[in-house]
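Some notes on the structure that comes next.
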Amino acid sequence: MTERGTPLPAAPRAAARRRRSPAAAACVLGGAVAAGLGLGFLAVLVIVLWISSPYPDSGPGGALHLAAGLWLLAHGTELVRYDTLSGVPAPVGVTPLLLVALPALLMRRAARLGSVSGDGGEGGEGGDGDEVLPASAVFSAVTCGYLCVGSLATVYAAAGPMPADPLSAAWHVPLVAVLAAAGGVWAAKGRPVGPLPHWVPGAVRRAAARPRYPLALRAGAAGALVLLGGGALLVGASLAWHAAEVQASFLALTGVWSGRFAVLLLALALLPNAVVWGAAYALGPGFALGAGATATPLGFAGSPALPRFPLLAALPPEGPGTLLTCASAGVPLLAGLAVGWFAVRRAREVSYKETALTAALGALVCALLLAGLAAASSGPLGSRGLASFGPVWWATGAAAFAWTLLLAVPVAVAVHSWRTRPARQADALALDAEDEWHDSGVRELRWEALRRAAGALVPDLAQEPPRTPPRAEPPAAPVAAAPRPPRRLTVVTGLHLDLTPPDLTLPDLTPPDLTPIPIPAAPADAPPRPLVPPVAGARVLARRKPPA
């Protein structure tokens, strides 16, 4: 098919397939290389820690199997730990969010490079003769290569100490690959915001073209960023407040530098999870710390069986909440204000109903973002008492929607009214001035003031007689009209400039038997001839300065 939708002949179609084959193979290889780079990075890191460990409990094969498991954990896959004290397999499902950035960035880079690898030619072909693949082909090829390596990694990790759950890996790895590849292709195509593909229903395409949806996305993203920033502030303040406990927990875990380095890397990888937990804490639902233990601003209920870890040492104390913990409610208040502020358009023709609807959609976007982050940052760390760690995604999303909707709609309406106030005042003043101009008697007064200011430039016009109904009166004696002041006339003489040459001869436009008539030259002492004849009765007006 061509760009206009007409079918190609058989020979050009075969040639196009032959040209596309190397580009598609390169995209598949790029996806596989992206997965291999992620696996290689984690394998090198685990091997270095295994070599530096004074008490290695497995060989290099076990370390490589563990690296494959960690790579799958970075995609959100749940791992299973079999060597427990109780003998019951314990799931490990808390995904370090910082570790997710490794496969996502590599996959996005592979998709972006596959989209722009053939650019630079004419007629839709690359500079080296390869045809540029469409976005859908690049997306499919890169994803296919990535998932092939992911399947091999899942099979390889099954023989290690922490194998991956096959069902969990079957949908977590493709989800991360699809999202990252779509982001890479979208970035390579210039980040277009529309139009939607033709296979999307027309009603959906027309609805998505409205400006309220980009504004709602921007407002929801702003609210989510404010919530995450507030969560980061709460986590940092808690770590600083419990600095002694955090240091004691860090030093008590291990006494060798390689172990402490591993603990530090794990704490850094889990730091974004702590930020999301802080945002959920400020929203009100809080987060779970095992079965029956929940930390909220109103109190820390339950008796959690927590392992020793630096981030867990910064938790609030058990018992009812204080004024300091309840002050965290200011974070969702600021998020609601941010959603309302960014949901307002600057156009005057937007109604208040449209502004309120945009703010409500922004609150919904913010709630969806927080719910997704809460689901990604939580999970089990074991069985029984450690089966639930982190915020509940639906409770966090509902709280985010309630907080932001409660404040975003009135704030958006108030901001919209404040931004359009000068325009509304100008319209009201213009309407009042137009009404006053046409009032009875105002026009005559304005004309009289204009005549006095202009002086002799405006003649003295006779007043219009009042419009009163005629009535029968005796004829009055004629009254002589008052003499009008004489009009002043200014005579402007012509411009004296002689542009006639001393000897001008008419061109030869006559038949051959006639001779041209020479025009005598003007004497040297004669006055110059006027270029413009004198004008009588003209009035010279002052030149007005043009507006800046």
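The way I read the labels, and the way they are meant: chains A, B, ... in the order of the structure tokens, residue 1 as the first residue of every chain, and ligand 1 as the first ligand shown, with later ones counted on from there.
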Polymer residues at most 12 Å from Arg308 in chain A, only C-alpha atoms, same-chain spacing of 6 or more positions, as a tab-separated table (two decimals) with all heavy atoms, in the first residue's frame:
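Below you can see out.tsv, which holds the result:
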```tsv
chain	number	residue	atom	x	y	z
A	245	GLU	N	18.44	6.22	64.99
A	245	GLU	CA	17.92	4.88	64.77
A	245	GLU	C	18.30	4.35	63.38
A	245	GLU	O	18.61	3.16	63.21
A	245	GLU	CB	16.40	4.86	64.93
A	245	GLU	CG	15.93	5.12	66.35
A	245	GLU	CD	15.81	6.60	66.67
A	245	GLU	OE1	16.34	7.42	65.87
A	245	GLU	OE2	15.20	6.93	67.70
A	246	VAL	N	18.28	5.23	62.38
A	246	VAL	CA	18.65	4.81	61.02
A	246	VAL	C	20.10	4.37	60.97
A	246	VAL	O	20.45	3.35	60.37
A	246	VAL	CB	18.38	5.95	60.03
A	246	VAL	CG1	18.93	5.62	58.65
A	246	VAL	CG2	16.88	6.23	59.94
A	247	GLN	N	20.99	5.12	61.62
A	247	GLN	CA	22.40	4.76	61.61
A	247	GLN	C	22.65	3.45	62.36
A	247	GLN	O	23.43	2.59	61.90
A	247	GLN	CB	23.22	5.88	62.25
A	247	GLN	CG	24.72	5.62	62.24
A	247	GLN	CD	25.49	6.77	62.87
A	247	GLN	OE1	24.90	7.72	63.39
A	247	GLN	NE2	26.81	6.67	62.83
A	248	ALA	N	21.99	3.27	63.48
A	248	ALA	CA	22.16	2.02	64.24
A	248	ALA	C	21.66	0.82	63.45
A	248	ALA	O	22.29	-0.26	63.46
A	248	ALA	CB	21.43	2.13	65.58
A	249	SER	N	20.54	0.99	62.74
A	249	SER	CA	20.03	-0.12	61.94
A	249	SER	C	20.95	-0.44	60.77
A	249	SER	O	21.16	-1.62	60.44
A	249	SER	CB	18.63	0.23	61.42
A	249	SER	OG	18.15	-0.77	60.56
A	250	PHE	N	21.54	0.57	60.18
A	250	PHE	CA	22.44	0.35	59.05
A	250	PHE	C	23.71	-0.38	59.49
A	250	PHE	O	24.20	-1.29	58.80
A	250	PHE	CB	22.78	1.69	58.42
A	250	PHE	CG	23.72	1.60	57.26
A	250	PHE	CD1	23.29	1.14	56.02
A	250	PHE	CD2	25.06	1.95	57.40
A	250	PHE	CE1	24.16	1.05	54.95
A	250	PHE	CE2	25.94	1.85	56.34
A	250	PHE	CZ	25.49	1.39	55.11
A	251	LEU	N	24.25	-0.02	60.64
A	251	LEU	CA	25.49	-0.64	61.10
A	251	LEU	C	25.26	-2.02	61.69
A	251	LEU	O	26.20	-2.84	61.74
A	251	LEU	CB	26.15	0.26	62.14
A	251	LEU	CG	26.60	1.64	61.65
A	251	LEU	CD1	27.19	2.45	62.80
A	251	LEU	CD2	27.62	1.49	60.52
A	252	ALA	N	24.05	-2.30	62.14
A	252	ALA	CA	23.80	-3.59	62.78
A	252	ALA	C	23.56	-4.71	61.78
A	252	ALA	O	23.61	-5.90	62.14
A	252	ALA	CB	22.60	-3.49	63.72
A	253	LEU	N	23.26	-4.39	60.53
A	253	LEU	CA	22.96	-5.44	59.55
A	253	LEU	C	24.19	-6.26	59.18
A	253	LEU	O	24.13	-7.49	59.08
A	253	LEU	CB	22.33	-4.82	58.29
A	253	LEU	CG	20.89	-4.35	58.43
A	253	LEU	CD1	20.43	-3.64	57.17
A	253	LEU	CD2	19.97	-5.54	58.72
A	254	THR	N	25.31	-5.62	58.98
A	254	THR	CA	26.54	-6.30	58.58
A	254	THR	C	27.73	-5.47	59.02
A	254	THR	O	27.62	-4.26	59.22
A	254	THR	CB	26.56	-6.53	57.05
A	254	THR	OG1	27.78	-7.18	56.70
A	254	THR	CG2	26.43	-5.23	56.31
A	263	VAL	N	23.54	-3.09	51.20
A	263	VAL	CA	22.40	-2.51	51.92
A	263	VAL	C	22.13	-1.08	51.45
A	263	VAL	O	20.98	-0.67	51.28
A	263	VAL	CB	22.65	-2.56	53.44
A	263	VAL	CG1	21.59	-1.78	54.20
A	263	VAL	CG2	22.68	-4.01	53.93
A	267	ALA	N	18.71	0.27	49.74
A	267	ALA	CA	17.96	1.40	50.30
A	267	ALA	C	17.73	2.48	49.24
A	267	ALA	O	16.64	3.08	49.17
A	267	ALA	CB	18.72	1.98	51.50
A	314	ALA	N	12.74	4.75	60.18
A	314	ALA	CA	12.23	6.13	60.19
A	314	ALA	C	10.72	6.19	60.29
A	314	ALA	O	10.13	7.24	60.04
A	314	ALA	CB	12.69	6.85	58.92
A	315	LEU	N	10.07	5.07	60.65
A	315	LEU	CA	8.62	5.08	60.77
A	315	LEU	C	8.19	5.89	61.99
A	315	LEU	O	8.94	6.04	62.96
A	315	LEU	CB	8.11	3.64	60.90
A	315	LEU	CG	8.24	2.77	59.65
A	315	LEU	CD1	7.86	1.33	59.98
A	315	LEU	CD2	7.37	3.31	58.54
```
Next on the checklist: If I take CA of Pro60 in chain A and CA of Val44 in chain A, how far is one from the other in Å, to one decimal?
Outcome noted: 11.0 Å
Item to check | All alpha helix (DSSP H) residues (DSSP, backbone) inside range 141-343 of chain A, as a PyMOL selection string | outcome: chain A and resi 141-157+166-188+202-208+212-241+243-253+257-269+271-283+323-326+330-342
Next on the checklist: as a PyMOL selection string, please: every residue in range 21-99 of chain A that DSSP puts in strand (DSSP E).
Outcome noted: chain A and resi 79-81+90-92
Checklist entry - What's the 12 Å shell around Asp83 in chain A, counting only C-alpha atoms, without same-chain residues fewer than 2 positions away, as a ChimeraX atom specification? => result /A:80-81,85-91,160-163,382
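The coordinates place CA of Pro96 in chain A at 8.0 Å from CA of Leu271 in chain A.
Of note, CA of Ala269 in chain A and CA of Leu98 in chain A are spaced 4.8 Å apart.
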Per residue of range 55-148 of chain A within 7 Å of range 17-40 of chain A, note the shortest atom pair and the distance in Å to one decimal, counting only C-alpha atoms, and order the rows by chain and increasing residue number, as JSON lines.
```
{"residue": "A:Ala68", "atom": "CA", "partner": "A:Leu39", "partner_atom": "CA", "distance": 6.5}
{"residue": "A:Trp71", "atom": "CA", "partner": "A:Leu39", "partner_atom": "CA", "distance": 6.1}
{"residue": "A:Leu102", "atom": "CA", "partner": "A:Gly38", "partner_atom": "CA", "distance": 6.5}
{"residue": "A:Pro103", "atom": "CA", "partner": "A:Gly38", "partner_atom": "CA", "distance": 5.9}
{"residue": "A:Leu106", "atom": "CA", "partner": "A:Ala34", "partner_atom": "CA", "distance": 5.2}
{"residue": "A:Met107", "atom": "CA", "partner": "A:Ala34", "partner_atom": "CA", "distance": 5.7}
{"residue": "A:Ala110", "atom": "CA", "partner": "A:Gly30", "partner_atom": "CA", "distance": 5.5}
{"residue": "A:Gly114", "atom": "CA", "partner": "A:Cys27", "partner_atom": "CA", "distance": 5.3}
{"residue": "A:Asp130", "atom": "CA", "partner": "A:Arg19", "partner_atom": "CA", "distance": 5.4}
{"residue": "A:Glu131", "atom": "CA", "partner": "A:Arg19", "partner_atom": "CA", "distance": 5.8}
{"residue": "A:Leu133", "atom": "CA", "partner": "A:Arg20", "partner_atom": "CA", "distance": 6.8}
{"residue": "A:Val138", "atom": "CA", "partner": "A:Cys27", "partner_atom": "CA", "distance": 6.3}
{"residue": "A:Ala141", "atom": "CA", "partner": "A:Val28", "partner_atom": "CA", "distance": 4.8}
{"residue": "A:Val142", "atom": "CA", "partner": "A:Gly31", "partner_atom": "CA", "distance": 4.4}
{"residue": "A:Thr143", "atom": "CA", "partner": "A:Gly31", "partner_atom": "CA", "distance": 6.2}
{"residue": "A:Cys144", "atom": "CA", "partner": "A:Val28", "partner_atom": "CA", "distance": 6.3}
{"residue": "A:Gly145", "atom": "CA", "partner": "A:Val28", "partner_atom": "CA", "distance": 4.4}
{"residue": "A:Tyr146", "atom": "CA", "partner": "A:Gly31", "partner_atom": "CA", "distance": 4.5}
```
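The shortest atom-to-atom distance to Pro56 in chain A, with only C-alpha atoms taken into account, belongs to A:Ser258 out of A:Ser258, A:Thr296, A:Val173, A:Gly336.
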